[in-house]
>>> print(open('structure_0.txt').read())   # compact mmCIF, C-alpha atoms
# COMPACT_ATOMS: atom_id res chain seq x y z
CA MET A 1 -27.11 17.57 23.60
CA GLN A 2 -24.42 15.38 22.09
CA ASN A 3 -22.68 14.48 25.32
CA ILE A 4 -25.65 12.53 26.66
CA THR A 5 -24.64 8.88 26.58
CA PRO A 6 -27.22 6.45 25.22
CA ASN A 7 -28.50 4.06 27.83
CA HIS A 8 -26.91 0.90 26.47
CA ARG A 9 -23.48 2.50 26.37
CA LEU A 10 -23.89 3.63 29.97
CA ASN A 11 -24.70 0.06 31.01
CA ASP A 12 -21.62 -1.23 29.16
CA LYS A 13 -19.46 1.24 31.00
CA LYS A 14 -20.94 0.22 34.32
CA LYS A 15 -20.09 -3.40 33.62
CA LEU A 16 -16.49 -2.52 32.87
CA ARG A 17 -15.95 -0.67 36.11
CA PRO A 18 -13.80 -2.51 38.63
CA LYS A 19 -15.82 -3.67 41.59
CA ASN A 20 -14.55 -4.82 44.96
CA LEU A 21 -16.96 -6.00 47.59
CA ASN A 22 -14.50 -8.16 49.49
CA LEU A 23 -14.95 -7.05 53.09
CA PHE A 24 -11.42 -8.15 53.99
CA THR A 25 -9.69 -5.94 51.44
CA ILE A 26 -11.92 -2.86 51.70
CA ARG A 27 -10.28 -0.20 53.79
CA LEU A 28 -12.97 2.16 54.98
CA PRO A 29 -12.11 5.82 55.47
CA ILE A 30 -12.49 6.99 59.07
CA ASN A 31 -15.79 8.77 58.32
CA ALA A 32 -17.24 5.51 57.05
CA VAL A 33 -15.94 3.65 60.10
CA VAL A 34 -17.73 6.06 62.43
CA SER A 35 -20.86 5.86 60.29
CA ILE A 36 -21.08 2.06 60.08
CA LEU A 37 -20.34 1.75 63.80
CA HIS A 38 -23.17 4.22 64.43
CA ARG A 39 -25.48 1.85 62.57
CA ALA A 40 -24.10 -1.29 64.24
CA SER A 41 -24.32 0.22 67.72
CA GLY A 42 -27.89 1.32 66.97
CA VAL A 43 -28.90 -2.22 66.05
CA GLY A 44 -27.14 -3.49 69.18
CA LEU A 45 -28.99 -1.03 71.39
CA PHE A 46 -32.28 -2.01 69.77
CA LEU A 47 -31.59 -5.68 70.48
CA VAL A 48 -30.89 -5.11 74.20
CA LEU A 49 -34.02 -2.97 74.73
CA PRO A 50 -35.93 -5.79 76.49
CA LEU A 51 -32.99 -6.27 78.89
CA ILE A 52 -32.94 -2.55 79.68
CA LEU A 53 -36.68 -2.53 80.35
CA LEU A 54 -36.38 -5.68 82.47
CA ALA A 55 -33.55 -4.16 84.53
CA PHE A 56 -35.47 -0.91 85.02
CA GLN A 57 -38.55 -2.84 86.10
CA ALA A 58 -36.53 -4.89 88.59
CA SER A 59 -34.92 -1.73 89.99
CA VAL A 60 -38.24 -0.07 90.85
CA ASP A 61 -40.49 -3.06 91.49
CA SER A 62 -39.59 -3.96 95.08
CA PRO A 63 -36.65 -3.92 97.50
CA SER A 64 -36.03 -7.63 96.86
CA SER A 65 -35.97 -7.31 93.07
CA TYR A 66 -33.71 -4.28 93.47
CA LEU A 67 -31.33 -6.33 95.58
CA LEU A 68 -31.42 -9.18 93.07
CA LEU A 69 -30.56 -6.74 90.27
CA THR A 70 -27.63 -5.20 92.15
CA LYS A 71 -26.30 -8.69 92.86
CA LEU A 72 -26.63 -9.63 89.20
CA LEU A 73 -24.97 -6.41 88.05
CA SER A 74 -22.00 -6.94 90.35
CA ALA A 75 -20.88 -10.13 88.58
CA TRP A 76 -17.74 -9.48 86.55
CA TYR A 77 -19.09 -10.94 83.30
CA VAL A 78 -22.21 -8.78 83.59
CA LYS A 79 -19.94 -5.78 84.11
CA LEU A 80 -18.00 -6.71 80.99
CA PHE A 81 -21.29 -6.87 79.11
CA LEU A 82 -22.27 -3.47 80.53
CA ILE A 83 -18.97 -1.98 79.36
CA GLY A 84 -19.64 -3.34 75.88
CA LEU A 85 -23.13 -1.91 76.05
CA SER A 86 -21.75 1.44 77.20
CA TRP A 87 -19.53 1.44 74.10
CA ALA A 88 -22.61 0.98 71.90
CA PHE A 89 -24.40 3.77 73.73
CA PHE A 90 -21.50 6.25 73.72
CA HIS A 91 -20.68 5.61 70.10
CA HIS A 92 -24.29 6.01 69.03
CA PHE A 93 -24.57 9.15 71.19
CA PHE A 94 -21.42 10.96 70.04
CA ALA A 95 -21.57 9.85 66.40
CA GLY A 96 -25.27 10.80 66.42
CA ILE A 97 -24.48 14.29 67.65
CA ARG A 98 -21.87 14.54 64.89
CA HIS A 99 -24.48 13.56 62.31
CA LEU A 100 -26.92 16.11 63.74
CA LEU A 101 -24.29 18.84 63.48
CA GLN A 102 -23.64 17.82 59.89
CA ASP A 103 -27.38 18.03 59.24
CA ILE A 104 -27.17 21.72 60.12
CA HIS A 105 -24.11 21.98 57.85
CA TRP A 106 -21.46 22.20 60.53
CA MET A 107 -18.03 20.77 59.68
CA THR A 108 -19.07 19.12 56.42
CA SER A 109 -15.89 19.54 54.39
CA LEU A 110 -13.93 16.32 53.98
CA GLN A 111 -11.05 17.50 56.12
CA LYS A 112 -13.29 18.70 58.95
CA ALA A 113 -15.44 15.57 58.74
CA ARG A 114 -12.31 13.46 59.17
CA PHE A 115 -11.31 15.57 62.14
CA SER A 116 -14.74 15.28 63.78
CA SER A 117 -14.63 11.50 63.21
CA ARG A 118 -11.40 11.33 65.17
CA VAL A 119 -12.93 13.51 67.90
CA VAL A 120 -15.91 11.14 68.12
CA LEU A 121 -13.68 8.07 68.43
CA TRP A 122 -11.60 9.72 71.15
CA LEU A 123 -14.67 10.87 73.09
CA VAL A 124 -16.15 7.37 72.90
CA GLY A 125 -12.92 5.80 74.09
CA ILE A 126 -12.60 8.19 77.02
CA ALA A 127 -16.27 7.80 77.98
CA VAL A 128 -16.05 4.00 77.96
CA ILE A 129 -12.90 4.09 80.12
CA VAL A 130 -14.53 6.49 82.60
CA PHE A 131 -17.63 4.29 82.68
CA ALA A 132 -15.55 1.14 83.26
CA TRP A 133 -13.62 2.95 86.01
CA PHE A 134 -16.93 3.90 87.58
CA ILE A 135 -18.58 0.48 87.67
CA TRP A 136 -15.65 -1.89 88.16
CA PRO A 137 -15.09 -1.72 91.95
CA MET B 1 -38.65 26.07 53.17
CA LEU B 2 -38.81 23.54 55.96
CA ILE B 3 -42.59 23.83 56.26
CA GLN B 4 -42.89 23.27 52.52
CA LEU B 5 -40.77 20.16 52.74
CA LEU B 6 -42.99 18.76 55.49
CA THR B 7 -46.18 18.65 53.40
CA ASN B 8 -47.70 15.44 52.04
CA LYS B 9 -45.64 15.80 48.90
CA TYR B 10 -42.48 14.67 50.69
CA PRO B 11 -43.49 12.01 53.24
CA GLY B 12 -39.88 10.90 53.78
CA MET B 13 -38.96 14.34 55.01
CA ARG B 14 -41.20 13.99 58.05
CA LEU B 15 -39.64 10.64 58.91
CA TRP B 16 -36.19 12.16 58.52
CA LEU B 17 -37.10 15.04 60.82
CA SER B 18 -38.78 12.74 63.36
CA GLN B 19 -35.59 10.73 63.65
CA ARG B 20 -33.60 13.91 64.38
CA LEU B 21 -36.12 15.45 66.78
CA THR B 22 -36.46 12.24 68.81
CA ALA B 23 -32.65 12.07 68.92
CA VAL B 24 -32.44 15.59 70.34
CA VAL B 25 -35.12 14.90 72.97
CA MET B 26 -33.32 11.72 74.06
CA ALA B 27 -29.94 13.45 74.20
CA VAL B 28 -31.33 16.22 76.43
CA TYR B 29 -33.07 13.71 78.71
CA ILE B 30 -29.95 11.56 79.06
CA VAL B 31 -27.65 14.48 79.87
CA LEU B 32 -30.10 15.84 82.46
CA LEU B 33 -30.55 12.35 83.94
CA LEU B 34 -26.79 11.81 84.22
CA VAL B 35 -26.31 15.19 85.91
CA ALA B 36 -29.17 14.50 88.35
CA LEU B 37 -27.80 11.02 89.14
CA LEU B 38 -24.31 12.44 89.77
CA ILE B 39 -25.69 15.11 92.11
CA ILE B 40 -28.17 12.98 94.05
CA GLN B 41 -26.39 9.60 93.83
CA PRO B 42 -29.23 7.36 95.05
CA ALA B 43 -27.42 4.54 96.85
CA ASP B 44 -30.20 2.18 97.92
CA TYR B 45 -33.72 1.14 96.98
CA ALA B 46 -35.44 3.86 99.03
CA ALA B 47 -33.32 6.63 97.51
CA TRP B 48 -33.71 5.22 93.99
CA HIS B 49 -37.46 4.85 94.44
CA ALA B 50 -37.71 8.45 95.69
CA PHE B 51 -35.67 9.54 92.68
CA VAL B 52 -37.98 7.80 90.20
CA SER B 53 -41.35 8.47 91.86
CA PRO B 54 -42.12 12.14 91.06
CA ILE B 55 -44.80 12.37 88.37
CA TRP B 56 -42.71 14.75 86.25
CA PHE B 57 -39.82 12.31 86.26
CA ARG B 58 -42.08 9.51 85.17
CA LEU B 59 -43.66 11.64 82.45
CA ALA B 60 -40.23 12.71 81.18
CA THR B 61 -39.13 9.08 81.19
CA LEU B 62 -42.25 8.09 79.27
CA LEU B 63 -41.49 10.81 76.72
CA PHE B 64 -37.92 9.53 76.50
CA PHE B 65 -39.01 5.97 75.81
CA MET B 66 -41.64 7.06 73.28
CA CYS B 67 -38.90 8.94 71.42
CA LEU B 68 -36.61 5.93 71.76
CA PHE B 69 -39.16 3.55 70.24
CA MET B 70 -39.97 5.96 67.40
CA HIS B 71 -36.26 6.47 66.75
CA ALA B 72 -35.59 2.73 66.84
CA TRP B 73 -38.52 2.06 64.52
CA LEU B 74 -37.17 4.49 61.92
CA GLY B 75 -33.60 3.25 62.28
CA VAL B 76 -34.39 -0.45 62.10
CA ALA B 77 -36.68 0.13 59.09
CA ASP B 78 -33.74 1.76 57.28
CA VAL B 79 -31.41 -1.08 58.18
CA LEU B 80 -33.92 -3.70 56.99
CA LYS B 81 -34.44 -1.85 53.71
CA ASP B 82 -30.68 -1.76 53.16
CA TYR B 83 -29.82 -5.38 53.91
CA VAL B 84 -32.91 -7.59 53.54
CA PHE B 85 -33.67 -7.86 49.82
CA ASN B 86 -36.36 -10.51 50.03
CA LYS B 87 -39.51 -8.39 50.30
CA VAL B 88 -41.61 -11.03 52.05
CA LEU B 89 -38.94 -11.73 54.65
CA ARG B 90 -38.40 -8.02 55.17
CA ALA B 91 -42.13 -7.45 55.70
CA TYR B 92 -42.22 -10.20 58.33
CA LEU B 93 -39.14 -8.83 60.10
CA GLN B 94 -40.59 -5.34 60.04
CA MET B 95 -43.82 -6.65 61.48
CA ALA B 96 -41.93 -8.44 64.25
CA VAL B 97 -40.11 -5.18 65.05
CA ASP B 98 -43.39 -3.22 65.03
CA VAL B 99 -45.03 -5.69 67.41
CA ALA B 100 -41.98 -5.73 69.71
CA LEU B 101 -41.87 -1.93 69.91
CA MET B 102 -45.61 -1.74 70.63
CA LEU B 103 -45.20 -4.30 73.42
CA TYR B 104 -42.24 -2.31 74.81
CA LEU B 105 -44.42 0.80 74.87
CA PHE B 106 -47.17 -0.95 76.87
CA TRP B 107 -44.47 -2.48 79.08
CA ILE B 108 -42.82 0.84 79.96
CA ILE B 109 -46.23 2.45 80.60
CA TYR B 110 -47.02 -0.45 82.95
CA ILE B 111 -43.66 -0.07 84.74
CA LEU B 112 -43.95 3.70 85.16
CA TRP B 113 -47.59 3.46 86.23
CA ASN B 114 -46.72 1.01 89.01
CA VAL B 115 -43.68 2.83 90.41
>>> encode(input="structure_0.txt", output="C-alpha cells")
Amino acid sequence: MQNITPNHRLNDKKKLRPKNLNLFTIRLPINAVVSILHRASGVGLFLVLPLILLAFQASVDSPSSYLLLTKLLSAWYVKLFLIGLSWAFFHHFFAGIRHLLQDIHWMTSLQKARFSSRVVLWLVGIAVIVFAWFIWP
Amino acid sequence: MLIQLLTNKYPGMRLWLSQRLTAVVMAVYIVLLLVALLIIQPADYAAWHAFVSPIWFRLATLLFFMCLFMHAWLGVADVLKDYVFNKVLRAYLQMAVDVALMLYLFWIIYILWNV
C-alpha cells in the first residue's frame, strides 16, 4: 500500500508536467491525423446534409428541376466543391471502416495501426482522383 | 457478454453500438448503390426516375437516411461534448442539431413519398 501517492502530491506532479497545446508545433502521429480528419470530415458531411437533400429533391422532382440541377452541377466551381465533398466522404468512409475493424480487434498493434492509416490515406487519395476524373469532363 | 453490456446499466454501450450498426448499414447501402449506378448508368431524367421509383429502392433509401441521421446525431453530440465547454451554449447547439435532423427526416420522407 505504500506506493499509492497521496492526492496532493499527484496534483503537484501534474502541474510540473510539460504541456504543449500549441497547434503549430504539435506533430500528430499518422494515426491521429487519420482520426482527426475522420472527425472533421464527419462534421463537414453533417453541415452539407441540407444541400444533399436539396440536390436529391431537385433530381427527382421534375424534368425541369433535374435539368436545372445538371446545369448547376456542370459549373467548374461546383465540381471543385463536389471534389472537396468527395474527399470528406471517402475519408469518412475508409477511416470509418478502419475504426470498425479496430473495434473487432483487427490490426490494433501500433505498427499495424500505422500501416492501416497509410492504407486509408492512399485509398482516399486514389478514390478522390478517380471521382474527379469521372466528373470533370 | 455483449447482451450484458447492452442492459440499462451501461446506456453508453447502446449508443456506441448504434453508431457502428448504422455505419455498417450505410456502408452496405452505398456500395450497392454505387454498383447499381455503374451497371445501369441512368443518363437522363426518365432513366433516373425509373431507377429511384421502385418501392424497395425508396424504402432502402429511407433506411439509409434514418441511419445517417442517427449516426450524425451521435457523432455531432460527441463533437459538441468535446469542444463546447459552456453547458448552456452546448445545450442550445444540441437542440438546434436535434431540430435540424428531425426536419431532415420529415424532408426525406416527403421527397421519397412524392417520387
>>> interface_residues(input="structure_0.txt", of="chain A", to="chain B", cutoff="12 Å", atoms="only C-alpha atoms", output="ChimeraX atom specification")
/A:36,38-70,89-90,92-104,131,134
>>> atom_distance(input="structure_0.txt", atom1="atom CA of Val128 of chain A", atom2="atom CA of Leu80 of chain A")
11.3 Å
>>> atom_distance(input="structure_0.txt", atom1="atom CA of Cys67 of chain B", atom2="atom CA of Thr7 of chain B")
21.7 Å
>>> atom_distance(input="structure_0.txt", atom1="atom CA of Leu80 of chain B", atom2="atom CA of Gln94 of chain B")
7.5 Å
>>> build_atoms(input="structure_0.txt", residues="segment 35-60 of chain A", atoms="N, CA, C and O atoms", output="PDB file, keeping the file's coordinate frame")
ATOM      1  N   SER A  35     -19.474   5.981  60.767  1.00  0.00           N
ATOM      2  CA  SER A  35     -20.860   5.860  60.290  1.00  0.00           C
ATOM      3  C   SER A  35     -21.383   4.432  60.435  1.00  0.00           C
ATOM      4  O   SER A  35     -22.486   4.218  60.943  1.00  0.00           O
ATOM      5  N   ILE A  36     -20.581   3.436  60.020  1.00  0.00           N
ATOM      6  CA  ILE A  36     -21.080   2.060  60.080  1.00  0.00           C
ATOM      7  C   ILE A  36     -21.166   1.597  61.533  1.00  0.00           C
ATOM      8  O   ILE A  36     -22.061   0.841  61.908  1.00  0.00           O
ATOM      9  N   LEU A  37     -20.249   2.105  62.383  1.00  0.00           N
ATOM     10  CA  LEU A  37     -20.340   1.750  63.800  1.00  0.00           C
ATOM     11  C   LEU A  37     -21.568   2.400  64.441  1.00  0.00           C
ATOM     12  O   LEU A  37     -22.160   1.855  65.376  1.00  0.00           O
ATOM     13  N   HIS A  38     -21.949   3.568  63.947  1.00  0.00           N
ATOM     14  CA  HIS A  38     -23.170   4.220  64.430  1.00  0.00           C
ATOM     15  C   HIS A  38     -24.371   3.321  64.150  1.00  0.00           C
ATOM     16  O   HIS A  38     -25.235   3.110  65.004  1.00  0.00           O
ATOM     17  N   ARG A  39     -24.393   2.748  62.947  1.00  0.00           N
ATOM     18  CA  ARG A  39     -25.480   1.850  62.570  1.00  0.00           C
ATOM     19  C   ARG A  39     -25.432   0.567  63.402  1.00  0.00           C
ATOM     20  O   ARG A  39     -26.447   0.133  63.957  1.00  0.00           O
ATOM     21  N   ALA A  40     -24.232  -0.027  63.505  1.00  0.00           N
ATOM     22  CA  ALA A  40     -24.100  -1.290  64.240  1.00  0.00           C
ATOM     23  C   ALA A  40     -24.473  -1.104  65.707  1.00  0.00           C
ATOM     24  O   ALA A  40     -25.191  -1.931  66.285  1.00  0.00           O
ATOM     25  N   SER A  41     -24.006   0.006  66.308  1.00  0.00           N
ATOM     26  CA  SER A  41     -24.320   0.220  67.720  1.00  0.00           C
ATOM     27  C   SER A  41     -25.823   0.461  67.895  1.00  0.00           C
ATOM     28  O   SER A  41     -26.403   0.058  68.904  1.00  0.00           O
ATOM     29  N   GLY A  42     -26.449   1.101  66.903  1.00  0.00           N
ATOM     30  CA  GLY A  42     -27.890   1.320  66.970  1.00  0.00           C
ATOM     31  C   GLY A  42     -28.654   0.012  66.969  1.00  0.00           C
ATOM     32  O   GLY A  42     -29.573  -0.194  67.776  1.00  0.00           O
ATOM     33  N   VAL A  43     -28.255  -0.901  66.094  1.00  0.00           N
ATOM     34  CA  VAL A  43     -28.900  -2.220  66.050  1.00  0.00           C
ATOM     35  C   VAL A  43     -28.680  -2.941  67.376  1.00  0.00           C
ATOM     36  O   VAL A  43     -29.609  -3.540  67.937  1.00  0.00           O
ATOM     37  N   GLY A  44     -27.444  -2.849  67.899  1.00  0.00           N
ATOM     38  CA  GLY A  44     -27.140  -3.490  69.180  1.00  0.00           C
ATOM     39  C   GLY A  44     -28.024  -2.961  70.293  1.00  0.00           C
ATOM     40  O   GLY A  44     -28.597  -3.726  71.071  1.00  0.00           O
ATOM     41  N   LEU A  45     -28.159  -1.641  70.349  1.00  0.00           N
ATOM     42  CA  LEU A  45     -28.990  -1.030  71.390  1.00  0.00           C
ATOM     43  C   LEU A  45     -30.445  -1.459  71.240  1.00  0.00           C
ATOM     44  O   LEU A  45     -31.136  -1.716  72.229  1.00  0.00           O
ATOM     45  N   PHE A  46     -30.908  -1.555  70.002  1.00  0.00           N
ATOM     46  CA  PHE A  46     -32.280  -2.010  69.770  1.00  0.00           C
ATOM     47  C   PHE A  46     -32.473  -3.429  70.320  1.00  0.00           C
ATOM     48  O   PHE A  46     -33.474  -3.725  70.969  1.00  0.00           O
ATOM     49  N   LEU A  47     -31.459  -4.279  70.073  1.00  0.00           N
ATOM     50  CA  LEU A  47     -31.590  -5.680  70.480  1.00  0.00           C
ATOM     51  C   LEU A  47     -31.592  -5.838  72.006  1.00  0.00           C
ATOM     52  O   LEU A  47     -32.183  -6.793  72.521  1.00  0.00           O
ATOM     53  N   VAL A  48     -30.913  -4.942  72.739  1.00  0.00           N
ATOM     54  CA  VAL A  48     -30.890  -5.110  74.200  1.00  0.00           C
ATOM     55  C   VAL A  48     -32.036  -4.358  74.900  1.00  0.00           C
ATOM     56  O   VAL A  48     -32.120  -4.365  76.122  1.00  0.00           O
ATOM     57  N   LEU A  49     -32.907  -3.707  74.123  1.00  0.00           N
ATOM     58  CA  LEU A  49     -34.020  -2.970  74.730  1.00  0.00           C
ATOM     59  C   LEU A  49     -34.807  -3.773  75.776  1.00  0.00           C
ATOM     60  O   LEU A  49     -35.058  -3.260  76.868  1.00  0.00           O
ATOM     61  N   PRO A  50     -35.177  -5.054  75.468  1.00  0.00           N
ATOM     62  CA  PRO A  50     -35.930  -5.790  76.490  1.00  0.00           C
ATOM     63  C   PRO A  50     -35.136  -5.957  77.785  1.00  0.00           C
ATOM     64  O   PRO A  50     -35.711  -5.901  78.875  1.00  0.00           O
ATOM     65  N   LEU A  51     -33.808  -6.136  77.678  1.00  0.00           N
ATOM     66  CA  LEU A  51     -32.990  -6.270  78.890  1.00  0.00           C
ATOM     67  C   LEU A  51     -33.001  -4.978  79.694  1.00  0.00           C
ATOM     68  O   LEU A  51     -33.060  -4.989  80.931  1.00  0.00           O
ATOM     69  N   ILE A  52     -32.935  -3.841  78.994  1.00  0.00           N
ATOM     70  CA  ILE A  52     -32.940  -2.550  79.680  1.00  0.00           C
ATOM     71  C   ILE A  52     -34.267  -2.350  80.411  1.00  0.00           C
ATOM     72  O   ILE A  52     -34.307  -1.944  81.579  1.00  0.00           O
ATOM     73  N   LEU A  53     -35.364  -2.680  79.720  1.00  0.00           N
ATOM     74  CA  LEU A  53     -36.680  -2.530  80.350  1.00  0.00           C
ATOM     75  C   LEU A  53     -36.812  -3.467  81.550  1.00  0.00           C
ATOM     76  O   LEU A  53     -37.318  -3.079  82.603  1.00  0.00           O
ATOM     77  N   LEU A  54     -36.318  -4.697  81.388  1.00  0.00           N
ATOM     78  CA  LEU A  54     -36.380  -5.680  82.470  1.00  0.00           C
ATOM     79  C   LEU A  54     -35.587  -5.186  83.686  1.00  0.00           C
ATOM     80  O   LEU A  54     -36.061  -5.266  84.824  1.00  0.00           O
ATOM     81  N   ALA A  55     -34.383  -4.648  83.433  1.00  0.00           N
ATOM     82  CA  ALA A  55     -33.550  -4.160  84.530  1.00  0.00           C
ATOM     83  C   ALA A  55     -34.223  -2.971  85.216  1.00  0.00           C
ATOM     84  O   ALA A  55     -34.236  -2.875  86.446  1.00  0.00           O
ATOM     85  N   PHE A  56     -34.796  -2.072  84.429  1.00  0.00           N
ATOM     86  CA  PHE A  56     -35.470  -0.910  85.020  1.00  0.00           C
ATOM     87  C   PHE A  56     -36.649  -1.366  85.876  1.00  0.00           C
ATOM     88  O   PHE A  56     -36.847  -0.881  86.995  1.00  0.00           O
ATOM     89  N   GLN A  57     -37.406  -2.327  85.347  1.00  0.00           N
ATOM     90  CA  GLN A  57     -38.550  -2.840  86.100  1.00  0.00           C
ATOM     91  C   GLN A  57     -38.094  -3.447  87.422  1.00  0.00           C
ATOM     92  O   GLN A  57     -38.671  -3.175  88.476  1.00  0.00           O
ATOM     93  N   ALA A  58     -37.028  -4.251  87.366  1.00  0.00           N
ATOM     94  CA  ALA A  58     -36.530  -4.890  88.590  1.00  0.00           C
ATOM     95  C   ALA A  58     -36.053  -3.825  89.590  1.00  0.00           C
ATOM     96  O   ALA A  58     -36.219  -3.988  90.798  1.00  0.00           O
ATOM     97  N   SER A  59     -35.482  -2.735  89.082  1.00  0.00           N
ATOM     98  CA  SER A  59     -34.920  -1.730  89.990  1.00  0.00           C
ATOM     99  C   SER A  59     -36.003  -0.973  90.750  1.00  0.00           C
ATOM    100  O   SER A  59     -35.769  -0.515  91.866  1.00  0.00           O
ATOM    101  N   VAL A  60     -37.196  -0.839  90.170  1.00  0.00           N
ATOM    102  CA  VAL A  60     -38.240  -0.070  90.850  1.00  0.00           C
ATOM    103  C   VAL A  60     -39.327  -0.933  91.465  1.00  0.00           C
ATOM    104  O   VAL A  60     -40.131  -0.444  92.265  1.00  0.00           O
TER     105      VAL A  60
END
